[in-house]
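**Student:** One structure is given below, represented as structure tokens, and several questions about it will come after.
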Amino acid sequence: KQMEKKLYKIKKKLLIILSLLFIGSSNAKDEIKIGISTFLSGGAASSFGIPLKQGLEFMFNAINEGKVPAPYNTPGIGGKKVSFFFIDEAGGATKQVSEFRNMVQRQKVDVVMGYISSGDCLAIPAVAEELKQLTILIDCGTPRVFEEASYKYVFRTGPHAAMDNIAGALYLKRKGITPKKIAAINQNYAWGQDSWADFKGSIDIFFPGTKIVSEQFPKFLSGQYGSEISAMMVAKPDLIHSSMWGGDLESFIIQGATRGLFRNSKVFLSAGDHVLPSLGRNMPEGVIVGARGPHGDLAPDTELANWFKESLKKELGIKMTTQPMHKGAMAALFLKKAYDQAVKENSVFPSTEEIIKYMEGLEWETPSGPASMALGNGHQAIQDMALGVTAWDKKEKRAKLINIEYFKAECVNPPEGIKALDWIKGGFKGPDC
């Protein structure tokens with residue numbers, strides 16, 4: 001009898017374990033599991049990595065609840081609930097490759113998303129192809145990702161940085177600003193080097209004869225720019241270009257403003273909108289600022305854009321949305337559009353191999369206007385670009401962007417099959433801007 005009781009207890013425990021396993025397996029089939037890499041610590045976190053996380057959390061929760069405006073007002077992605085988690089992008093490319101393998105091989109994610117650093121975005125795609133893992137690059141700006149290689153399983157939902165700097169030169173031309181002496185300060189890795197090459201090349205076309213008087217390439221996340229600022233002030237440029245971002249950009253602005261750098265030179269920050277909330281009154285007025293697309297203050301007046309901005313501001317208690325939040329929303333809606341379309345046409349949830357066909361060349365609406373996978377054999381997005389000038393809004397008590405100029409996507413992005421720098425040096429042959 002004692003043995004029977006023990007056996008009964010063992011059977012009961014086994015039945016409970018089996019039922020839990022069955023429930024877990026059943027639930028897993030009803031979910032799409034997404035692993036996301038973004039900066040959660042370090043100098044790139046507060047103004048960029050964490051806002052990207054907030055934008056994705058908000059959008060995935062809204063998608064699960066069916067609260068996104070049409071045409072995204074059905075719950076889930078392809079009818080499945082989104083299950084997602086975040087890992088820290090800090091630590092460099094080698095660490096990210098290891099984390100990527102862990103998400104794919106151990107945590108069995110359906111999709112990997114994220115990556116802000118251009119260095120990480122250059123390292124991840126080859127591993128994604130090796131593991132045949134669907135991967136969505138959300139932000140990183142270097143054009144080299146799809147210009148130097150071709151990928152099947154990798155997509156980038158944000159445009160590359162060439163359009164930021166082409167638009168910068170066009171903005172000067174539209175506004176009648178003719179620079180004679182230019183200085184630059186950019187972070188010393190792929191993003192900073194590529195951004196400066198694109199801007200310098202564009203200036204050579206639109207303003208031939210302009211003199212480059214100082215080129216500074218400080219180390220990423222160095223934080224101190226005294227010597228670089230001194231070099232630029234001695235050179236006395238009438239225009240300064242910078243693609244710096246995150247904590248580096250915040251530090252540079254505060255240090256430069258203290259020494260009068262922004263009073264003596266016009267400054268163009270190609271990707272600077274995301275530091276406006278943190279700097280507030282410390283943000284100099286009259287600075288030309290981009291957001292790597294029409295994000296935040298630069299976003300279009302559409303139902304989707306206004307819903308996203310107002311809902312997210314209310315949820316987070318913030319005064320403005322910024323580019324990383326919008327970039328996250330773009331990536332989330334790219335997934336939803338592709339999977340929803342595949343399920344609608346085939347009545348079954350697609351495999352990785354099947355969904356790629358729906359993602360290639362996809363056009364979709366975002367809180368930052370329309371986007372399309374027009375480059376990289378249908379794997380690299382383009383969208384319109386916008387630039388504005390900083391001003392202090394007394395009523396809203398925040399730094400904002402005014403005097404906004406918009407540029408069509410085809411005006412500031414190279415045609416398919418042509419490298420951005422080659423297109424720039426060739427005189428922008430193609431669409432009429």
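Labels for the structure tokens follow display order: chains A, B, ..., residues from 1 in each chain, ligands from 1.
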Would you kindly return, as a VMD selection string, each protein, DNA or RNA residue with an atom no farther than 10 Å from any atom of segment 71-73 of chain A, considering only C-alpha atoms and excluding same-chain residues fewer than 5 positions away?
**Tutor:** chain A and resid 62 to 66 304 333 336 to 337 340 364 to 365
**Student:** Could you give me, as CSV, every segment 165-242 of chain A residue with an atom at most 10 Å from segment 31-51 of chain A, plus its closest atom pair and distance in Å to one decimal, counting only C-alpha atoms, rows ordered by chain then number?
**Tutor:**
```
residue,atom,partner,partner_atom,distance
A:Phe220,CA,A:Gly43,CA,9.7
A:Leu221,CA,A:Gly43,CA,6.5
A:Ser222,CA,A:Gly43,CA,9.5
A:Gly223,CA,A:Gly43,CA,8.7
```
**Student:** Would you list, as a PyMOL selection string, the residues of segment 104-191 of chain A that end up in strand (DSSP E or B) under DSSP run on this structure's backbone?
**Tutor:** chain A and resi 111-114+135-137+154-156+181-185
**Student:** Could you turn the residues from that selection into a file that holds all heavy atoms, as an mmCIF file, in the first residue's frame?
**Tutor:**
```cif
data_model
loop_
_atom_site.group_PDB
_atom_site.id
_atom_site.type_symbol
_atom_site.label_atom_id
_atom_site.label_comp_id
_atom_site.auth_asym_id
_atom_site.auth_seq_id
_atom_site.Cartn_x
_atom_site.Cartn_y
_atom_site.Cartn_z
ATOM 1 N N VAL A 111 12.743 35.720 -34.491
ATOM 2 C CA VAL A 111 13.305 36.905 -35.142
ATOM 3 C C VAL A 111 14.303 37.569 -34.191
ATOM 4 O O VAL A 111 14.052 37.649 -32.990
ATOM 5 C CB VAL A 111 12.207 37.935 -35.512
ATOM 6 C CG1 VAL A 111 12.810 39.128 -36.257
ATOM 7 C CG2 VAL A 111 11.102 37.288 -36.324
ATOM 8 N N VAL A 112 15.410 38.042 -34.737
ATOM 9 C CA VAL A 112 16.330 38.902 -33.995
ATOM 10 C C VAL A 112 16.189 40.311 -34.545
ATOM 11 O O VAL A 112 16.148 40.512 -35.758
ATOM 12 C CB VAL A 112 17.796 38.436 -34.121
ATOM 13 C CG1 VAL A 112 18.730 39.436 -33.433
ATOM 14 C CG2 VAL A 112 17.982 37.056 -33.516
ATOM 15 N N MET A 113 16.111 41.296 -33.639
ATOM 16 C CA MET A 113 15.971 42.691 -34.054
ATOM 17 C C MET A 113 16.964 43.556 -33.282
ATOM 18 O O MET A 113 17.498 43.146 -32.255
ATOM 19 C CB MET A 113 14.552 43.213 -33.766
ATOM 20 C CG MET A 113 13.448 42.508 -34.504
ATOM 21 S SD MET A 113 11.817 43.163 -34.057
ATOM 22 C CE MET A 113 11.866 44.776 -34.832
ATOM 23 N N GLY A 114 17.176 44.783 -33.790
ATOM 24 C CA GLY A 114 17.948 45.750 -33.034
ATOM 25 C C GLY A 114 19.196 46.221 -33.745
ATOM 26 O O GLY A 114 19.261 46.268 -34.961
ATOM 27 N N THR A 135 16.711 38.382 -39.433
ATOM 28 C CA THR A 135 17.292 39.442 -38.616
ATOM 29 C C THR A 135 16.900 40.802 -39.171
ATOM 30 O O THR A 135 17.062 41.059 -40.369
ATOM 31 C CB THR A 135 18.829 39.315 -38.586
ATOM 32 O OG1 THR A 135 19.180 38.019 -38.078
ATOM 33 C CG2 THR A 135 19.456 40.384 -37.712
ATOM 34 N N ILE A 136 16.410 41.676 -38.294
ATOM 35 C CA ILE A 136 15.987 43.013 -38.681
ATOM 36 C C ILE A 136 16.906 44.031 -38.021
ATOM 37 O O ILE A 136 16.873 44.216 -36.797
ATOM 38 C CB ILE A 136 14.531 43.290 -38.249
ATOM 39 C CG1 ILE A 136 13.592 42.173 -38.721
ATOM 40 C CG2 ILE A 136 14.081 44.651 -38.773
ATOM 41 C CD1 ILE A 136 13.518 41.985 -40.209
ATOM 42 N N LEU A 137 17.754 44.687 -38.806
ATOM 43 C CA LEU A 137 18.587 45.773 -38.311
ATOM 44 C C LEU A 137 17.712 47.023 -38.243
ATOM 45 O O LEU A 137 17.101 47.410 -39.239
ATOM 46 C CB LEU A 137 19.773 46.007 -39.248
ATOM 47 C CG LEU A 137 20.647 44.779 -39.561
ATOM 48 C CD1 LEU A 137 21.749 45.161 -40.546
ATOM 49 C CD2 LEU A 137 21.237 44.178 -38.299
ATOM 50 N N VAL A 154 18.712 38.978 -43.819
ATOM 51 C CA VAL A 154 18.903 40.238 -43.102
ATOM 52 C C VAL A 154 18.209 41.387 -43.835
ATOM 53 O O VAL A 154 18.341 41.530 -45.054
ATOM 54 C CB VAL A 154 20.404 40.556 -42.944
ATOM 55 C CG1 VAL A 154 20.597 41.850 -42.156
ATOM 56 C CG2 VAL A 154 21.127 39.397 -42.255
ATOM 57 N N PHE A 155 17.483 42.218 -43.067
ATOM 58 C CA PHE A 155 16.825 43.412 -43.601
ATOM 59 C C PHE A 155 17.163 44.591 -42.697
ATOM 60 O O PHE A 155 17.407 44.413 -41.498
ATOM 61 C CB PHE A 155 15.297 43.237 -43.628
ATOM 62 C CG PHE A 155 14.819 42.186 -44.592
ATOM 63 C CD1 PHE A 155 14.835 40.837 -44.242
ATOM 64 C CD2 PHE A 155 14.349 42.534 -45.846
ATOM 65 C CE1 PHE A 155 14.397 39.857 -45.126
ATOM 66 C CE2 PHE A 155 13.904 41.567 -46.741
ATOM 67 C CZ PHE A 155 13.936 40.226 -46.374
ATOM 68 N N ARG A 156 17.184 45.787 -43.266
ATOM 69 C CA ARG A 156 17.335 46.992 -42.435
ATOM 70 C C ARG A 156 16.150 47.905 -42.705
ATOM 71 O O ARG A 156 15.935 48.372 -43.825
ATOM 72 C CB ARG A 156 18.655 47.709 -42.724
ATOM 73 C CG ARG A 156 18.812 48.991 -41.915
ATOM 74 C CD ARG A 156 20.251 49.479 -41.780
ATOM 75 N NE ARG A 156 20.917 49.665 -43.058
ATOM 76 C CZ ARG A 156 22.190 50.064 -43.179
ATOM 77 N NH1 ARG A 156 22.915 50.286 -42.092
ATOM 78 N NH2 ARG A 156 22.732 50.206 -44.368
ATOM 79 N N LYS A 181 34.513 77.696 -45.319
ATOM 80 C CA LYS A 181 35.463 76.895 -44.538
ATOM 81 C C LYS A 181 34.673 75.944 -43.636
ATOM 82 O O LYS A 181 33.818 76.392 -42.865
ATOM 83 C CB LYS A 181 36.365 77.789 -43.691
ATOM 84 C CG LYS A 181 37.279 78.694 -44.502
ATOM 85 C CD LYS A 181 38.380 79.300 -43.644
ATOM 86 C CE LYS A 181 37.836 80.186 -42.545
ATOM 87 N NZ LYS A 181 38.921 80.795 -41.736
ATOM 88 N N ILE A 182 34.970 74.653 -43.737
ATOM 89 C CA ILE A 182 34.221 73.646 -42.986
ATOM 90 C C ILE A 182 35.151 72.841 -42.080
ATOM 91 O O ILE A 182 36.256 72.462 -42.483
ATOM 92 C CB ILE A 182 33.483 72.674 -43.928
ATOM 93 C CG1 ILE A 182 32.423 73.415 -44.745
ATOM 94 C CG2 ILE A 182 32.824 71.544 -43.158
ATOM 95 C CD1 ILE A 182 31.645 72.550 -45.701
ATOM 96 N N ALA A 183 34.687 72.577 -40.880
ATOM 97 C CA ALA A 183 35.369 71.677 -39.950
ATOM 98 C C ALA A 183 34.431 70.517 -39.642
ATOM 99 O O ALA A 183 33.224 70.609 -39.874
ATOM 100 C CB ALA A 183 35.751 72.404 -38.666
ATOM 101 N N ALA A 184 34.981 69.441 -39.130
ATOM 102 C CA ALA A 184 34.157 68.266 -38.820
ATOM 103 C C ALA A 184 34.674 67.572 -37.573
ATOM 104 O O ALA A 184 35.886 67.507 -37.328
ATOM 105 C CB ALA A 184 34.176 67.290 -39.991
ATOM 106 N N ILE A 185 33.745 67.042 -36.779
ATOM 107 C CA ILE A 185 34.087 66.188 -35.648
ATOM 108 C C ILE A 185 33.138 64.992 -35.671
ATOM 109 O O ILE A 185 31.921 65.152 -35.547
ATOM 110 C CB ILE A 185 34.029 66.947 -34.300
ATOM 111 C CG1 ILE A 185 34.347 65.981 -33.143
ATOM 112 C CG2 ILE A 185 32.704 67.683 -34.102
ATOM 113 C CD1 ILE A 185 34.596 66.683 -31.816
#
```
**Student:** For segment 348-353 of chain A, list every protein, DNA or RNA residue within 9 Å, evaluated using only C-alpha atoms, and leave out those in the same chain fewer than 2 positions away; present the list as a CSV table (one decimal) with N, CA, C and O atoms, in the first residue's frame.
**Tutor:**
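To be explicit, this is the file written out as around35.csv:
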```csv
chain,number,residue,atom,x,y,z
A,78,GLY,N,0.6,38.5,-37.7
A,78,GLY,CA,0.1,37.3,-38.4
A,78,GLY,C,-0.8,36.5,-37.5
A,78,GLY,O,-0.9,35.3,-37.7
A,79,GLY,N,-1.5,37.2,-36.6
A,79,GLY,CA,-2.4,36.6,-35.7
A,79,GLY,C,-1.8,36.0,-34.5
A,79,GLY,O,-2.5,35.6,-33.6
A,80,LYS,N,-0.5,36.1,-34.4
A,80,LYS,CA,0.2,35.5,-33.2
A,80,LYS,C,0.6,36.7,-32.2
A,80,LYS,O,1.0,37.8,-32.7
A,110,ASP,N,12.3,33.5,-33.0
A,110,ASP,CA,11.9,33.5,-34.4
A,110,ASP,C,12.5,34.6,-35.2
A,110,ASP,O,12.8,34.4,-36.4
A,111,VAL,N,12.7,35.7,-34.5
A,111,VAL,CA,13.3,36.9,-35.1
A,111,VAL,C,14.3,37.6,-34.2
A,111,VAL,O,14.1,37.6,-33.0
A,132,LYS,N,21.0,31.0,-40.8
A,132,LYS,CA,19.7,31.2,-41.5
A,132,LYS,C,18.6,31.8,-40.6
A,132,LYS,O,17.5,31.3,-40.5
A,133,GLN,N,19.0,32.9,-39.9
A,133,GLN,CA,18.1,33.5,-38.9
A,133,GLN,C,17.6,34.8,-39.4
A,133,GLN,O,18.4,35.7,-39.8
A,134,LEU,N,16.3,35.0,-39.5
A,134,LEU,CA,15.7,36.2,-39.9
A,134,LEU,C,16.1,37.3,-38.9
A,134,LEU,O,15.9,37.2,-37.7
A,153,TYR,N,18.7,36.7,-45.3
A,153,TYR,CA,18.0,36.7,-44.1
A,153,TYR,C,18.0,38.0,-43.3
A,153,TYR,O,17.4,38.1,-42.2
A,339,TYR,N,4.0,39.8,-42.2
A,339,TYR,CA,3.4,38.5,-41.7
A,339,TYR,C,1.9,38.6,-41.9
A,339,TYR,O,1.3,37.6,-42.3
A,340,ASP,N,1.2,39.7,-41.7
A,340,ASP,CA,-0.2,39.8,-41.9
A,340,ASP,C,-0.6,39.5,-43.3
A,340,ASP,O,-1.5,38.9,-43.6
A,342,ALA,N,1.2,37.8,-45.5
A,342,ALA,CA,1.4,36.4,-45.8
A,342,ALA,C,0.3,35.5,-45.3
A,342,ALA,O,-0.2,34.6,-46.0
A,343,VAL,N,-0.2,35.7,-44.1
A,343,VAL,CA,-1.3,34.9,-43.5
A,343,VAL,C,-2.6,35.2,-44.3
A,343,VAL,O,-3.3,34.3,-44.6
A,344,LYS,N,-2.8,36.4,-44.7
A,344,LYS,CA,-4.0,36.8,-45.5
A,344,LYS,C,-4.0,36.0,-46.8
A,344,LYS,O,-5.1,35.5,-47.2
A,345,GLU,N,-2.9,35.9,-47.4
A,345,GLU,CA,-2.9,35.3,-48.7
A,345,GLU,C,-2.8,33.7,-48.7
A,345,GLU,O,-3.3,33.1,-49.6
A,346,ASN,N,-2.3,33.2,-47.6
A,346,ASN,CA,-2.1,31.7,-47.5
A,346,ASN,C,-2.8,31.0,-46.4
A,346,ASN,O,-2.8,29.8,-46.4
A,355,ILE,N,8.5,33.9,-45.4
A,355,ILE,CA,8.2,35.3,-45.1
A,355,ILE,C,9.2,36.3,-45.9
A,355,ILE,O,8.9,37.4,-46.1
A,356,ILE,N,10.4,35.8,-46.2
A,356,ILE,CA,11.4,36.6,-46.9
A,356,ILE,C,10.8,37.2,-48.2
A,356,ILE,O,11.0,38.3,-48.5
A,357,LYS,N,10.0,36.3,-48.9
A,357,LYS,CA,9.4,36.8,-50.2
A,357,LYS,C,8.5,38.0,-50.0
A,357,LYS,O,8.4,38.8,-50.9
```
**Student:** Find the spatial neighbours of Glu363 of chain A, counting only C-alpha atoms, within a cut-off of 9 Å - ignore same-chain residues fewer than 4 positions away - and output them as an mmCIF file with all heavy atoms, in the first residue's frame.
**Tutor:**
```
data_model
loop_
_atom_site.group_PDB
_atom_site.id
_atom_site.type_symbol
_atom_site.label_atom_id
_atom_site.label_comp_id
_atom_site.auth_asym_id
_atom_site.auth_seq_id
_atom_site.Cartn_x
_atom_site.Cartn_y
_atom_site.Cartn_z
ATOM 1 N N PHE A 334 6.935 46.914 -39.833
ATOM 2 C CA PHE A 334 7.450 46.169 -40.987
ATOM 3 C C PHE A 334 7.157 44.676 -40.807
ATOM 4 O O PHE A 334 6.660 44.002 -41.718
ATOM 5 C CB PHE A 334 8.955 46.403 -41.117
ATOM 6 C CG PHE A 334 9.637 45.515 -42.128
ATOM 7 C CD1 PHE A 334 9.490 45.737 -43.485
ATOM 8 C CD2 PHE A 334 10.430 44.451 -41.714
ATOM 9 C CE1 PHE A 334 10.124 44.917 -44.419
ATOM 10 C CE2 PHE A 334 11.072 43.640 -42.631
ATOM 11 C CZ PHE A 334 10.916 43.872 -43.986
ATOM 12 N N LYS A 337 3.271 44.116 -41.085
ATOM 13 C CA LYS A 337 2.770 44.209 -42.464
ATOM 14 C C LYS A 337 3.110 42.944 -43.258
ATOM 15 O O LYS A 337 2.251 42.374 -43.948
ATOM 16 C CB LYS A 337 3.396 45.437 -43.143
ATOM 17 C CG LYS A 337 3.085 45.582 -44.648
ATOM 18 C CD LYS A 337 1.633 45.928 -44.899
ATOM 19 C CE LYS A 337 1.335 46.100 -46.395
ATOM 20 N NZ LYS A 337 1.947 47.307 -46.980
ATOM 21 N N MET A 359 8.831 40.188 -47.474
ATOM 22 C CA MET A 359 9.597 41.314 -46.952
ATOM 23 C C MET A 359 10.397 42.023 -48.032
ATOM 24 O O MET A 359 10.575 43.244 -47.981
ATOM 25 C CB MET A 359 10.542 40.830 -45.843
ATOM 26 C CG MET A 359 9.835 40.401 -44.580
ATOM 27 S SD MET A 359 10.990 39.863 -43.295
ATOM 28 C CE MET A 359 9.890 39.814 -41.869
ATOM 29 N N PRO A 370 5.803 57.046 -45.213
ATOM 30 C CA PRO A 370 6.004 55.791 -45.942
ATOM 31 C C PRO A 370 7.477 55.393 -46.002
ATOM 32 O O PRO A 370 8.366 56.245 -46.029
ATOM 33 C CB PRO A 370 5.466 56.108 -47.341
ATOM 34 C CG PRO A 370 5.610 57.592 -47.467
ATOM 35 C CD PRO A 370 5.388 58.148 -46.094
ATOM 36 N N ALA A 371 7.709 54.085 -46.021
ATOM 37 C CA ALA A 371 9.060 53.533 -46.188
ATOM 38 C C ALA A 371 8.969 52.390 -47.187
ATOM 39 O O ALA A 371 7.916 51.772 -47.350
ATOM 40 C CB ALA A 371 9.616 53.037 -44.860
ATOM 41 N N SER A 372 10.067 52.116 -47.870
ATOM 42 C CA SER A 372 10.069 51.020 -48.835
ATOM 43 C C SER A 372 11.436 50.362 -48.894
ATOM 44 O O SER A 372 12.467 51.025 -48.761
ATOM 45 C CB SER A 372 9.667 51.525 -50.227
ATOM 46 O OG SER A 372 10.612 52.465 -50.708
ATOM 47 N N MET A 373 11.434 49.051 -49.103
ATOM 48 C CA MET A 373 12.667 48.278 -49.238
ATOM 49 C C MET A 373 13.153 48.392 -50.695
ATOM 50 O O MET A 373 12.981 47.480 -51.488
ATOM 51 C CB MET A 373 12.423 46.819 -48.848
ATOM 52 C CG MET A 373 12.255 46.602 -47.363
ATOM 53 S SD MET A 373 13.811 46.839 -46.507
ATOM 54 C CE MET A 373 13.286 46.621 -44.787
ATOM 55 N N ALA A 374 13.758 49.527 -50.991
ATOM 56 C CA ALA A 374 14.075 49.850 -52.381
ATOM 57 C C ALA A 374 15.529 49.574 -52.767
ATOM 58 O O ALA A 374 15.855 49.574 -53.946
ATOM 59 C CB ALA A 374 13.762 51.321 -52.653
ATOM 60 N N ALA A 381 15.877 49.696 -46.571
ATOM 61 C CA ALA A 381 14.795 50.676 -46.660
ATOM 62 C C ALA A 381 15.293 52.059 -47.060
ATOM 63 O O ALA A 381 16.443 52.437 -46.796
ATOM 64 C CB ALA A 381 14.063 50.768 -45.332
#
```
**Student:** Show which residues sit within 8 Å of segment 259-269 of chain A, as a PyMOL selection string. Count only C-alpha atoms, and ignore same-chain residues fewer than 6 positions away.
**Tutor:** chain A and resi 168+229+233+236-244+284+286-290
**Student:** I want to know what sits within 9 Å of Asn413 of chain A, based on only C-alpha atoms, with residues of the same chain fewer than 5 positions away left out; could you give that as an mmCIF file with C-alpha atoms, in the first residue's frame?
**Tutor:**
```cif
data_model
loop_
_atom_site.group_PDB
_atom_site.id
_atom_site.type_symbol
_atom_site.label_atom_id
_atom_site.label_comp_id
_atom_site.auth_asym_id
_atom_site.auth_seq_id
_atom_site.Cartn_x
_atom_site.Cartn_y
_atom_site.Cartn_z
ATOM 1 C CA PRO A 159 17.627 54.160 -44.244
ATOM 2 C CA HIS A 160 21.394 54.373 -44.257
ATOM 3 C CA ALA A 162 24.021 58.833 -46.863
ATOM 4 C CA MET A 163 20.648 60.577 -47.032
ATOM 5 C CA ILE A 166 23.146 64.615 -48.736
ATOM 6 C CA ILE A 382 14.582 54.241 -47.874
ATOM 7 C CA GLN A 383 12.256 57.009 -46.708
ATOM 8 C CA LYS A 408 11.864 63.053 -51.069
ATOM 9 C CA ALA A 420 26.123 56.070 -52.173
ATOM 10 C CA TRP A 423 26.511 58.413 -56.699
#
```
